[in-house]
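Undergrad: Contents of run_39.txt (compact mmCIF, C-alpha atoms) are below:
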```
# COMPACT_ATOMS: atom_id res chain seq x y z
CA MET N 157 25.91 -13.20 -32.73
CA ILE N 158 22.15 -13.73 -32.51
CA ALA N 159 22.78 -16.66 -30.18
CA ALA N 160 24.80 -14.39 -27.88
CA LEU N 161 21.94 -11.89 -27.81
CA VAL N 162 19.47 -14.65 -27.05
CA LEU N 163 21.72 -15.85 -24.22
CA LEU N 164 21.90 -12.31 -22.88
CA ALA N 165 18.12 -11.91 -23.10
CA GLY N 166 17.44 -15.37 -21.70
CA GLY N 167 19.78 -14.71 -18.79
CA ALA N 168 18.06 -11.37 -18.19
CA ALA N 169 14.64 -13.03 -18.18
CA ALA N 170 15.88 -15.66 -15.74
CA GLY N 171 17.32 -12.90 -13.55
CA VAL N 172 14.08 -10.88 -13.57
CA PHE N 173 11.91 -13.91 -12.83
CA GLY N 174 14.32 -15.17 -10.21
CA SER N 175 14.47 -11.92 -8.30
CA LEU N 176 10.71 -11.31 -8.50
CA LEU N 177 9.96 -14.77 -7.18
CA GLY N 178 12.72 -14.96 -4.64
CA LEU N 179 14.76 -17.61 -6.42
CA GLY N 180 18.16 -17.54 -7.98
CA GLY N 181 18.31 -17.60 -11.75
CA GLY N 182 19.76 -21.12 -11.81
CA ILE N 183 16.41 -22.85 -11.78
CA LEU N 184 15.68 -21.25 -15.16
CA ILE N 185 19.16 -20.98 -16.68
CA VAL N 186 19.84 -24.70 -16.70
CA PRO N 187 16.62 -25.60 -18.61
CA LEU N 188 17.17 -22.62 -20.93
CA LEU N 189 20.64 -23.81 -21.88
CA THR N 190 19.88 -27.52 -22.06
CA LEU N 191 16.42 -27.47 -23.63
CA GLY N 192 16.81 -24.22 -25.58
CA PHE N 193 20.43 -24.42 -26.74
CA GLY N 194 21.07 -28.15 -26.50
CA LEU N 195 23.99 -27.67 -24.14
CA PRO N 196 25.09 -30.73 -22.13
CA LEU N 197 23.64 -30.56 -18.64
CA ARG N 198 27.01 -30.32 -16.91
CA GLU N 199 28.03 -27.33 -19.05
CA ALA N 200 24.70 -25.67 -18.30
CA VAL N 201 25.23 -26.27 -14.59
CA ALA N 202 28.69 -24.68 -14.80
CA VAL N 203 27.31 -21.54 -16.48
CA SER N 204 24.47 -21.39 -14.00
CA LEU N 205 26.83 -21.65 -11.03
CA VAL N 206 28.92 -18.72 -12.27
CA SER N 207 25.78 -16.64 -12.80
CA VAL N 208 24.60 -17.53 -9.31
CA ILE N 209 27.96 -16.47 -7.83
CA VAL N 210 27.81 -13.08 -9.55
CA THR N 211 24.30 -12.28 -8.29
CA SER N 212 25.13 -13.64 -4.84
CA SER N 213 28.25 -11.48 -4.54
CA ALA N 214 26.36 -8.38 -5.60
CA SER N 215 23.50 -8.98 -3.18
CA ALA N 216 25.79 -10.09 -0.34
CA GLY N 217 27.66 -6.79 -0.72
CA VAL N 218 24.43 -4.89 -0.14
CA TYR N 219 23.29 -7.13 2.71
CA LEU N 220 26.62 -6.85 4.51
CA GLN N 221 26.75 -3.10 3.99
CA ARG N 222 23.33 -2.83 5.63
CA HIS N 223 24.28 -5.34 8.33
CA VAL N 224 21.30 -7.56 7.57
CA ALA N 225 23.14 -10.86 7.03
CA ASN N 226 24.37 -12.86 10.02
CA LEU N 227 28.02 -13.21 9.05
CA ARG N 228 28.92 -15.54 11.94
CA LEU N 229 26.09 -17.99 11.33
CA GLY N 230 26.59 -17.79 7.58
CA MET N 231 30.28 -18.65 7.83
CA VAL N 232 29.61 -21.67 10.03
CA LEU N 233 26.87 -23.02 7.78
CA GLU N 234 28.73 -22.29 4.54
CA LEU N 235 31.53 -24.53 5.72
CA PHE N 236 29.06 -27.42 5.43
CA SER N 237 27.33 -26.19 2.29
CA ALA N 238 30.78 -25.91 0.66
CA LEU N 239 31.53 -29.46 1.80
CA GLY N 240 28.22 -30.64 0.32
CA ALA N 241 29.04 -28.79 -2.89
CA LEU N 242 32.47 -30.43 -3.07
CA ILE N 243 30.83 -33.84 -2.81
CA GLY N 244 28.09 -32.85 -5.25
CA GLY N 245 30.61 -31.48 -7.75
CA LEU N 246 32.43 -34.81 -7.75
CA VAL N 247 29.25 -36.91 -7.86
CA ALA N 248 27.99 -34.85 -10.82
CA PHE N 249 30.78 -36.29 -12.97
CA LEU N 250 29.80 -39.82 -12.02
CA LEU N 251 26.13 -39.46 -12.91
CA SER N 252 24.74 -39.75 -16.41
CA GLU N 253 23.08 -36.82 -18.19
CA GLN N 254 19.77 -38.64 -17.86
CA ALA N 255 20.13 -39.08 -14.11
CA LEU N 256 20.96 -35.38 -13.71
CA ALA N 257 17.97 -34.44 -15.85
CA GLY N 258 15.76 -36.63 -13.67
CA LEU N 259 17.08 -34.96 -10.52
CA PHE N 260 16.50 -31.55 -12.06
CA ALA N 261 12.92 -32.47 -12.96
CA ALA N 262 12.36 -33.50 -9.34
CA LEU N 263 13.83 -30.17 -8.17
CA LEU N 264 11.50 -28.26 -10.48
CA VAL N 265 8.48 -30.10 -9.07
CA TRP N 266 9.66 -29.41 -5.52
CA VAL N 267 10.14 -25.70 -6.25
CA GLY N 268 6.74 -25.54 -7.97
CA VAL N 269 4.99 -27.10 -4.99
CA SER N 270 6.87 -24.76 -2.61
CA MET N 271 5.71 -21.81 -4.72
CA LEU N 272 2.10 -22.89 -4.53
CA ARG N 273 2.28 -23.37 -0.78
CA ARG N 274 3.93 -20.02 -0.09
CA ARG N 275 1.46 -17.64 1.47
CA ASP N 276 3.25 -14.32 1.68
CA ASP N 277 3.39 -12.22 -1.45
CA ALA N 278 6.80 -10.78 -0.84
CA PRO N 279 9.68 -12.54 -2.53
CA ALA N 280 11.43 -14.71 0.02
CA MET N 281 14.83 -14.04 -1.46
CA ALA N 282 15.32 -10.70 -3.12
CA ALA N 283 18.20 -11.32 -5.46
CA ILE N 284 20.01 -8.04 -5.26
CA ALA N 285 18.90 -5.65 -2.59
CA PRO N 286 17.08 -6.02 0.70
CA GLY N 287 14.29 -3.63 1.51
CA PRO N 288 15.07 -0.28 3.04
CA GLY N 289 15.08 0.20 6.76
CA THR N 290 16.42 -3.24 7.47
CA SER N 291 19.73 -2.10 8.84
CA VAL N 292 20.32 -3.68 12.21
CA THR N 293 23.12 -4.26 14.63
CA PRO N 294 26.13 -5.85 12.95
CA SER N 295 26.23 -9.60 13.23
CA LEU N 296 28.28 -9.64 16.37
CA ILE N 297 31.91 -10.22 15.61
CA VAL N 298 32.95 -10.20 19.22
CA PRO N 299 35.71 -11.66 21.34
CA GLU N 300 34.76 -15.10 22.59
CA PRO N 301 34.21 -15.23 26.34
CA ALA N 302 35.46 -18.40 27.95
CA GLY N 303 32.84 -21.08 28.45
CA ARG N 304 30.21 -19.44 26.26
CA PRO N 305 28.24 -22.01 24.22
CA PHE N 306 29.24 -21.75 20.59
CA ILE N 307 25.67 -21.62 19.32
CA ASP N 308 24.97 -18.54 21.46
CA THR N 309 27.70 -16.66 19.63
CA LEU N 310 25.79 -17.25 16.38
CA SER N 311 22.58 -15.56 17.55
CA GLY N 312 21.66 -12.05 16.52
CA PRO N 313 19.80 -9.07 17.90
CA GLY N 314 16.29 -10.12 18.86
CA TYR N 315 16.58 -13.81 18.04
CA ARG N 316 18.33 -16.88 19.30
CA VAL N 317 19.69 -19.53 16.96
CA HIS N 318 18.94 -23.14 17.88
CA SER N 319 19.09 -26.63 16.34
CA LEU N 320 22.55 -26.21 14.83
CA PRO N 321 22.79 -29.91 13.82
CA LEU N 322 19.68 -29.45 11.66
CA GLY N 323 21.25 -26.36 10.11
CA VAL N 324 24.43 -28.29 9.38
CA THR N 325 22.45 -31.11 7.74
CA GLY N 326 20.37 -28.68 5.71
CA SER N 327 23.48 -26.84 4.57
CA LEU N 328 25.19 -30.05 3.47
CA PHE N 329 22.10 -30.97 1.46
CA ALA N 330 21.84 -27.46 -0.01
CA GLY N 331 25.46 -27.67 -1.15
CA LEU N 332 24.87 -31.05 -2.73
CA VAL N 333 21.80 -29.82 -4.63
CA SER N 334 23.62 -26.66 -5.70
CA ALA N 335 26.59 -28.50 -7.15
CA LEU N 336 24.57 -31.20 -8.87
CA LEU N 337 21.97 -28.95 -10.43
CA GLY N 338 23.58 -25.50 -10.72
CA VAL N 339 21.25 -23.67 -8.39
CA GLY N 340 22.10 -21.47 -5.42
CA GLY N 341 20.49 -23.75 -2.89
CA GLY N 342 18.56 -20.93 -1.21
CA ILE N 343 15.40 -22.99 -1.61
CA VAL N 344 16.88 -25.29 1.06
CA LYS N 345 18.92 -22.82 3.13
CA VAL N 346 16.23 -20.22 3.79
CA PRO N 347 13.62 -22.67 5.16
CA THR N 348 16.32 -24.46 7.15
CA MET N 349 17.45 -21.27 8.88
CA HIS N 350 14.01 -19.73 9.23
CA LEU N 351 11.85 -22.70 10.15
CA LEU N 352 14.32 -25.00 11.86
CA MET N 353 16.87 -22.65 13.44
CA GLY N 354 14.74 -19.70 14.50
CA VAL N 355 16.36 -17.09 12.26
CA PRO N 356 14.02 -14.27 11.11
CA LEU N 357 13.10 -14.55 7.42
CA LYS N 358 14.87 -11.36 6.35
CA VAL N 359 18.09 -12.38 8.09
CA ALA N 360 17.80 -15.94 6.77
CA THR N 361 17.34 -14.63 3.23
CA ALA N 362 20.31 -12.28 3.48
CA THR N 363 22.52 -14.90 5.12
CA SER N 364 21.57 -17.51 2.52
CA ASN N 365 22.41 -15.07 -0.26
CA MET N 366 25.82 -14.48 1.28
CA MET N 367 26.45 -18.22 1.67
CA ILE N 368 25.52 -19.00 -1.93
CA GLY N 369 28.76 -17.44 -3.18
CA ILE N 370 30.99 -19.88 -1.30
CA THR N 371 28.66 -22.83 -1.88
CA ALA N 372 28.67 -22.28 -5.63
CA THR N 373 32.40 -21.48 -5.73
CA SER N 374 33.21 -24.83 -4.13
CA SER N 375 31.72 -26.71 -7.06
CA ALA N 376 32.27 -24.07 -9.75
CA VAL N 377 36.04 -24.51 -9.48
CA ILE N 378 35.58 -28.20 -10.21
CA TYR N 379 33.53 -27.48 -13.34
CA LEU N 380 35.94 -24.69 -14.37
CA LEU N 381 39.12 -26.72 -13.96
CA ARG N 382 37.56 -29.73 -15.65
CA GLY N 383 36.82 -27.66 -18.76
CA GLN N 384 33.04 -27.68 -18.42
CA LEU N 385 32.61 -23.89 -18.52
CA ASP N 386 32.29 -22.27 -21.93
CA PRO N 387 33.14 -18.57 -21.57
CA PHE N 388 31.29 -17.71 -24.79
CA VAL N 389 28.10 -19.03 -23.21
CA GLY N 390 28.87 -18.10 -19.60
CA GLY N 391 29.78 -14.47 -20.29
CA PRO N 392 26.55 -13.29 -21.94
CA THR N 393 24.40 -15.42 -19.64
CA ALA N 394 25.99 -14.16 -16.41
CA LEU N 395 25.78 -10.57 -17.63
CA GLY N 396 22.11 -11.05 -18.53
CA VAL N 397 21.23 -12.68 -15.22
CA PHE N 398 22.89 -9.88 -13.26
CA ALA N 399 21.14 -7.16 -15.27
CA GLY N 400 17.83 -8.99 -15.02
CA ALA N 401 18.13 -9.42 -11.27
CA MET N 402 18.80 -5.70 -10.90
CA VAL N 403 15.72 -4.83 -12.96
CA GLY N 404 13.65 -7.39 -11.05
CA THR N 405 14.38 -5.85 -7.68
CA ARG N 406 13.43 -2.40 -8.99
CA ILE N 407 10.08 -3.45 -10.45
CA ALA N 408 9.14 -5.99 -7.77
CA HIS N 409 6.70 -3.64 -6.03
CA ARG N 410 4.75 -3.04 -9.26
CA ILE N 411 4.13 -6.70 -10.04
CA ASP N 412 1.24 -8.80 -8.74
CA ALA N 413 3.20 -11.64 -7.18
CA ARG N 414 0.25 -14.07 -7.19
CA ILE N 415 -0.23 -13.89 -10.96
CA LEU N 416 3.50 -14.11 -11.49
CA ARG N 417 3.72 -17.11 -9.19
CA TRP N 418 1.06 -19.00 -11.11
CA LEU N 419 2.74 -18.15 -14.38
CA PHE N 420 6.03 -19.38 -12.98
CA VAL N 421 4.47 -22.61 -11.74
CA ILE N 422 3.14 -23.26 -15.24
CA VAL N 423 6.60 -22.63 -16.70
CA LEU N 424 8.12 -24.92 -14.06
CA ALA N 425 5.59 -27.66 -14.80
CA TYR N 426 6.28 -27.48 -18.54
CA THR N 427 10.05 -27.47 -17.93
CA ALA N 428 9.77 -30.38 -15.50
CA ILE N 429 7.95 -32.43 -18.14
CA GLN N 430 10.64 -31.59 -20.71
CA MET N 431 13.38 -32.54 -18.27
CA ALA N 432 11.60 -35.75 -17.32
CA GLN N 433 11.35 -36.67 -21.00
CA LYS N 434 15.07 -36.00 -21.35
CA ALA N 435 15.72 -38.19 -18.33
CA LEU N 436 13.65 -41.01 -19.76
CA GLY N 437 15.22 -40.62 -23.18
CA LEU N 438 11.87 -39.86 -24.85
CA MET B 490 7.99 -21.68 14.51
CA SER B 491 9.14 -18.25 13.54
CA ALA B 492 6.91 -16.81 16.25
CA ARG B 493 8.85 -18.88 18.74
CA ALA B 494 12.06 -17.48 17.34
CA THR B 495 11.06 -13.87 17.69
CA ALA B 496 9.53 -14.38 21.11
CA THR B 497 12.71 -15.92 22.48
CA PRO B 498 14.93 -13.27 24.00
CA PRO B 499 18.49 -13.04 22.76
CA PRO B 500 21.05 -14.79 24.91
CA ALA B 501 22.23 -12.74 27.82
CA THR B 502 25.80 -13.56 27.00
CA VAL B 503 25.82 -11.90 23.57
CA ASP B 504 28.43 -9.18 23.65
CA LYS B 505 26.93 -5.95 22.39
CA THR B 506 29.66 -3.69 23.60
CA ALA B 507 30.40 -0.61 21.54
CA GLY B 508 33.81 -2.02 20.68
CA GLY B 509 32.41 -5.36 19.52
CA ILE B 510 29.72 -3.77 17.38
CA GLU B 511 32.19 -1.28 15.91
CA ALA B 512 34.57 -4.07 14.98
CA ALA B 513 31.72 -6.06 13.43
CA ALA B 514 30.51 -3.09 11.43
CA GLY B 515 34.04 -2.41 10.21
CA ILE B 516 34.64 -5.95 8.99
CA GLU B 517 31.23 -6.24 7.37
CA THR B 518 31.76 -2.93 5.61
CA ILE B 519 35.15 -4.01 4.26
CA ALA B 520 33.71 -7.34 3.09
CA ALA B 521 30.75 -5.52 1.51
CA ARG B 522 33.01 -3.13 -0.40
CA LEU B 523 35.18 -6.00 -1.58
CA LEU B 524 32.15 -7.85 -2.94
CA THR B 525 30.55 -4.78 -4.49
CA TRP B 526 33.66 -3.49 -6.25
CA GLY B 527 34.87 -6.99 -7.05
CA THR B 528 31.58 -7.81 -8.77
CA ARG B 529 31.77 -4.59 -10.76
CA LEU B 530 35.31 -5.39 -11.84
CA ALA B 531 34.41 -8.98 -12.79
CA LEU B 532 31.36 -7.85 -14.74
CA GLY B 533 33.43 -5.11 -16.39
CA PHE B 534 35.80 -7.74 -17.77
CA VAL B 535 32.86 -9.92 -18.86
CA LEU B 536 31.17 -6.96 -20.55
CA VAL B 537 34.32 -6.12 -22.51
CA GLY B 538 34.59 -9.79 -23.47
CA VAL B 539 30.98 -9.94 -24.64
CA VAL B 540 31.39 -6.75 -26.69
CA GLY B 541 34.54 -8.31 -28.14
CA MET B 542 32.52 -11.40 -29.02
CA PHE B 543 30.01 -9.27 -30.91
CA LEU B 544 32.75 -7.36 -32.73
CA ALA B 545 34.57 -10.56 -33.65
CA GLY B 546 31.32 -12.21 -34.73
CA VAL B 547 31.74 -15.12 -32.33
CA ASP B 548 28.71 -17.41 -32.22
CA PRO B 549 28.60 -19.16 -28.84
CA THR B 550 26.73 -22.13 -30.24
CA ASP B 551 29.22 -22.73 -33.05
CA ALA B 552 32.55 -21.45 -31.73
CA ALA B 553 34.97 -23.99 -30.30
CA GLN B 554 35.19 -23.70 -26.54
CA PRO B 555 38.51 -22.07 -25.63
CA GLY B 556 40.48 -24.07 -23.10
CA TYR B 557 40.96 -22.70 -19.62
CA SER B 558 44.43 -21.80 -18.45
CA VAL B 559 45.05 -19.19 -15.76
CA THR B 560 48.55 -18.55 -17.01
CA ALA B 561 47.29 -17.87 -20.55
CA ILE B 562 44.85 -15.14 -19.46
CA PRO B 563 47.36 -12.23 -19.26
CA GLY B 564 48.58 -12.98 -22.78
CA GLN B 565 45.01 -13.17 -24.07
CA LEU B 566 44.25 -9.85 -22.40
CA LEU B 567 47.27 -8.19 -23.97
CA ALA B 568 46.24 -9.59 -27.34
CA LEU B 569 42.74 -8.15 -26.72
CA GLN B 570 41.15 -11.54 -27.30
CA PRO B 571 37.51 -11.73 -26.11
CA GLU B 572 38.08 -15.05 -24.37
CA GLY B 573 40.83 -13.45 -22.27
CA PHE B 574 38.43 -10.84 -20.90
CA LEU B 575 35.72 -13.45 -20.40
CA TRP B 576 38.05 -15.84 -18.58
CA ALA B 577 39.43 -12.99 -16.44
CA GLY B 578 35.95 -11.84 -15.45
CA LEU B 579 34.54 -15.30 -14.83
CA THR B 580 37.60 -16.42 -12.87
CA PHE B 581 37.53 -13.29 -10.76
CA ALA B 582 33.81 -13.79 -10.12
CA VAL B 583 34.39 -17.37 -8.99
CA VAL B 584 37.19 -16.53 -6.55
CA LEU B 585 35.60 -13.32 -5.22
CA PRO B 586 33.64 -15.02 -2.41
CA LEU B 587 36.96 -16.38 -1.15
CA GLY B 588 38.11 -12.79 -0.64
CA ARG B 589 35.13 -12.22 1.62
CA VAL B 590 36.09 -15.29 3.67
CA VAL B 591 39.70 -14.13 3.98
CA VAL B 592 38.65 -10.62 5.05
CA SER B 593 36.13 -11.99 7.55
CA GLY B 594 38.60 -14.53 8.89
CA ALA B 595 41.22 -11.84 9.44
CA GLY B 596 38.56 -9.74 11.15
CA PHE B 597 37.55 -12.58 13.45
CA LEU B 598 41.18 -13.21 14.32
CA GLY B 599 41.77 -9.53 15.02
CA ALA B 600 38.69 -9.48 17.26
CA GLY B 601 40.05 -12.44 19.20
CA ASP B 602 37.42 -14.87 17.95
CA ARG B 603 39.59 -17.89 17.24
CA ARG B 604 36.68 -20.26 16.63
CA LEU B 605 35.29 -18.26 13.73
CA ALA B 606 38.81 -17.60 12.42
CA LEU B 607 39.28 -21.37 12.36
CA VAL B 608 35.97 -21.78 10.53
CA SER B 609 37.24 -19.34 7.87
CA VAL B 610 40.40 -21.40 7.44
CA LEU B 611 38.34 -24.58 7.15
CA VAL B 612 36.15 -23.01 4.45
CA LEU B 613 39.27 -22.13 2.49
CA LEU B 614 40.57 -25.67 2.96
CA VAL B 615 37.33 -27.11 1.53
CA ILE B 616 37.71 -24.89 -1.54
CA GLY B 617 41.34 -25.98 -1.76
CA ALA B 618 40.17 -29.59 -1.65
CA SER B 619 37.80 -28.82 -4.54
CA VAL B 620 40.72 -27.52 -6.60
CA VAL B 621 42.84 -30.57 -5.78
CA ALA B 622 39.94 -32.90 -6.57
CA ALA B 623 39.28 -31.15 -9.88
CA LEU B 624 42.93 -31.31 -10.88
CA GLY B 625 43.11 -34.94 -9.81
CA LEU B 626 40.02 -35.86 -11.80
CA GLY B 627 41.34 -34.02 -14.81
CA ARG B 628 44.26 -36.38 -15.16
```
Do you think you could lay out the structure here as structure tokens?
TA:
Amino acid sequence: MIAALVLLAGGAAAGVFGSLLGLGGGILIVPLLTLGFGLPLREAVAVSLVSVIVTSSASAGVYLQRHVANLRLGMVLELFSALGALIGGLVAFLLSEQALAGLFAALLVWVGVSMLRRRDDAPAMAAIAPGPGTSVTPSLIVPEPAGRPFIDTLSGPGYRVHSLPLGVTGSLFAGLVSALLGVGGGIVKVPTMHLLMGVPLKVATATSNMMIGITATSSAVIYLLRGQLDPFVGGPTALGVFAGAMVGTRIAHRIDARILRWLFVIVLAYTAIQMAQKALGL
Amino acid sequence: MSARATATPPPATVDKTAGGIEAAAGIETIAARLLTWGTRLALGFVLVGVVGMFLAGVDPTDAAQPGYSVTAIPGQLLALQPEGFLWAGLTFAVVLPLGRVVVSGAGFLGAGDRRLALVSVLVLLVIGASVVAALGLGR
């Protein structure tokens, strides 16, 4: 019973941190379950994926209601992120626990470095709700005129999408990372859309959040059907992450993001060392 | 790079007719409601399951992991077993994004956008391939 409460609280902490820092909770849930509870990495990944789906669905609902996400672009890119996740979900069962731990340590270092290099103080990926006043024109579900370039139909009001092949590649990679390590993959999708494809940050964030649901579902079904998801662990954790993400979005404006970021980087560094030790069998 | 993006005017061919925008808003609203209410339903099941765990004194670190079987869930629900509610909620959460794809795909088809409707079908096929792969690996 105490373990369930700890899972609930740990999930909530991961949700709060994740939403304040613009990350999904997965980056914290997997280390929490593996290092804190001694769960096998694949089971931790399965729990994390379900938690990620729940928060993604909730936030995607808000983003779509406010017409912030680019549904057309998101659906095209999620086809490839789902494909990457399918491959990743299968590869995950071929890799050893140590190899997965090593990959996760590398991901933690990458996220930590990205955090340190980020200049804006606003979270890049609010986990639940976008800011007010972001409602824009719906993402253009329109009849297709003959001869119109496909990429033009993916653009939105005030911006033009370009470099679709780069977006496809980034999405495939994001799906692979998501399935292997139990994260949403937003850390790859948002920069890909924003920096490489010309999508405004707010739209990229919202669209990435929407895509995460399908990306994670593609691999989560593999973990679920292969018996890697423990509902007694997944239930409290998912509930905690969702509640934490909701709290995080409500208190985000009261928190000094710079201090929080440094604190998070320290946590990431410590976790990366622990994961690296696990990978090396130390 | 983002400055380049915002400075570039939107393509002249983008259809912003009232009908197109209305259709888009309608589909996005339906998808949004599906996700919002679906998440609430899934979490409702999970919450009941977690409360059931507490009442039954289930320790997640010690309890044997209950096997997953979709067909067993209704029986577990009727028997008020915590794992039934947990499985129902978690399963519903996992398949919920598929509902959004189905709704969007139908919307694209209704709006005459065959390319995006095809993309929706392909997304569903990839998920179907995941299921087949998982079942195949399980043997």
Undergrad: Interatomic distance between CA of Gly323 (chain N) and CA of Thr363 (chain N)?
TA: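 These two atoms are separated by 12.6 Å.
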Undergrad: Using all atoms listed in the file, which protein or nucleic acid residues come within 6 Å of region 566-583 of chain B? Drop anything in the same chain fewer than 4 positions from it, and give the result as a count of residues only.
TA: 9
Undergrad: What gap, in Å, lies between CA of Gly588 (chain B) and CA of Met366 (chain N)?
TA: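 That distance, rounded to one decimal, is 12.6 Å.
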Undergrad: Could the residues of chain N that have an atom at most 6 Å from chain B be listed as JSON lines, each with its closest atom pair and the distance in Å to one decimal, counting all atoms listed in the file and ordered by chain and ascending residue number?
TA:
```
{"residue": "N:Met157", "atom": "CA", "partner": "B:Asp548", "partner_atom": "CA", "distance": 5.1}
{"residue": "N:Ser213", "atom": "CA", "partner": "B:Leu524", "partner_atom": "CA", "distance": 5.6}
{"residue": "N:Ala214", "atom": "CA", "partner": "B:Thr525", "partner_atom": "CA", "distance": 5.6}
{"residue": "N:Gly217", "atom": "CA", "partner": "B:Ala521", "partner_atom": "CA", "distance": 4.0}
{"residue": "N:Leu220", "atom": "CA", "partner": "B:Ala521", "partner_atom": "CA", "distance": 5.3}
{"residue": "N:Gln221", "atom": "CA", "partner": "B:Thr518", "partner_atom": "CA", "distance": 5.3}
{"residue": "N:Leu235", "atom": "CA", "partner": "B:Val612", "partner_atom": "CA", "distance": 5.0}
{"residue": "N:Leu242", "atom": "CA", "partner": "B:Ser619", "partner_atom": "CA", "distance": 5.8}
{"residue": "N:Pro294", "atom": "CA", "partner": "B:Ala514", "partner_atom": "CA", "distance": 5.4}
{"residue": "N:Leu296", "atom": "CA", "partner": "B:Ala513", "partner_atom": "CA", "distance": 5.8}
{"residue": "N:Ile297", "atom": "CA", "partner": "B:Ala513", "partner_atom": "CA", "distance": 4.7}
{"residue": "N:Val298", "atom": "CA", "partner": "B:Gly509", "partner_atom": "CA", "distance": 4.9}
{"residue": "N:Pro299", "atom": "CA", "partner": "B:Gly601", "partner_atom": "CA", "distance": 4.9}
{"residue": "N:Glu300", "atom": "CA", "partner": "B:Asp602", "partner_atom": "CA", "distance": 5.4}
{"residue": "N:Gly314", "atom": "CA", "partner": "B:Pro499", "partner_atom": "CA", "distance": 5.3}
{"residue": "N:Tyr315", "atom": "CA", "partner": "B:Pro499", "partner_atom": "CA", "distance": 5.1}
{"residue": "N:Arg316", "atom": "CA", "partner": "B:Pro499", "partner_atom": "CA", "distance": 5.2}
{"residue": "N:Leu351", "atom": "CA", "partner": "B:Met490", "partner_atom": "CA", "distance": 5.9}
{"residue": "N:Gly354", "atom": "CA", "partner": "B:Ala494", "partner_atom": "CA", "distance": 4.5}
{"residue": "N:Gly369", "atom": "CA", "partner": "B:Pro586", "partner_atom": "CA", "distance": 5.5}
{"residue": "N:Ile370", "atom": "CA", "partner": "B:Pro586", "partner_atom": "CA", "distance": 5.6}
{"residue": "N:Thr373", "atom": "CA", "partner": "B:Val583", "partner_atom": "CA", "distance": 5.6}
{"residue": "N:Ser374", "atom": "CA", "partner": "B:Ile616", "partner_atom": "CA", "distance": 5.2}
{"residue": "N:Ile378", "atom": "CA", "partner": "B:Ala623", "partner_atom": "CA", "distance": 4.7}
{"residue": "N:Arg382", "atom": "CA", "partner": "B:Gly627", "partner_atom": "CA", "distance": 5.8}
{"residue": "N:Asp386", "atom": "CA", "partner": "B:Gln554", "partner_atom": "CA", "distance": 5.6}
{"residue": "N:Pro387", "atom": "CA", "partner": "B:Leu575", "partner_atom": "CA", "distance": 5.9}
{"residue": "N:Phe388", "atom": "CA", "partner": "B:Pro549", "partner_atom": "CA", "distance": 5.1}
{"residue": "N:Val389", "atom": "CA", "partner": "B:Pro549", "partner_atom": "CA", "distance": 5.7}
{"residue": "N:Gly391", "atom": "CA", "partner": "B:Val535", "partner_atom": "CA", "distance": 5.7}
```
Undergrad: CA of Arg414 (chain N) and CA of Ala200 (chain N) are how many Å apart?
TA: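 It comes out at 29.3 Å.
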Undergrad: Near Gly268 (chain N), within 8 Å and counting all atoms listed in the file, which residues show up once chain neighbours fewer than 6 positions away are dropped, as a PyMOL selection string?
TA: chain N and resi 420-421+424-425
Undergrad: Find the residues near Ala399 (chain N): any atom within 9 Å, counting only C-alpha atoms, skip ones fewer than 3 places away on the same chain, and give them as an NGL selection string.
TA: :N and (167-168 or 171-172 or 394-396 or 402-404)
Undergrad: Select, counting only C-alpha atoms, all protein, DNA and RNA residues no farther than 6 Å from (17.4, -13.4, 12.9) in file coordinates, and express the selection as a tab-separated table (two decimals) with C-alpha atoms, in the coordinates of the input.
TA:
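What landed in selection_36.tsv:
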```tsv
chain	number	residue	atom	x	y	z
N	312	GLY	CA	21.66	-12.05	16.52
N	315	TYR	CA	16.58	-13.81	18.04
N	355	VAL	CA	16.36	-17.09	12.26
N	356	PRO	CA	14.02	-14.27	11.11
N	359	VAL	CA	18.09	-12.38	8.09
```
Undergrad: Of the residues N:Leu189, N:Thr371, N:Ala262, N:Ile158, which is the one nearest to Gly390 (chain N), using all atoms listed in the file?
TA: N:Leu189
Undergrad: Assuming 5 Å of padding per side, give the centre and edge lengths of the axis-aligned box around every listed atom of region 326-336 of chain N, in Å to one decimal and as AutoDock Vina command-line options.
TA:
```
--center_x 23.5 --center_y -28.9 --center_z -1.6 --size_x 16.2 --size_y 14.5 --size_z 24.6
```
Undergrad: Please return as a list in words every residue within 9 Å of (29.8, -25.8, -15.2), taking into account all atoms listed in the file and the file's own coordinates.
TA: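 Final list of nearby residues, as requested, is Leu197, Arg198, Glu199, Ala200, Val201, Ala202, Val203, Ser204, Leu205, Val206, Gly338, Ser375, Ala376, Val377, Ile378, Tyr379, Leu380, Arg382, Gly383, Gln384, Leu385, Asp386 and Gly390 of chain N.
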Undergrad: For a quick check of understanding, using all atoms listed in the file, which of N:Leu163, N:Ala335, N:Ile243, N:Ile183 has the smallest distance to Ala261 (chain N)?
TA: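 Comparing N:Leu163, N:Ala335, N:Ile243, N:Ile183 against Ala261 (chain N), the winner is N:Ile183.
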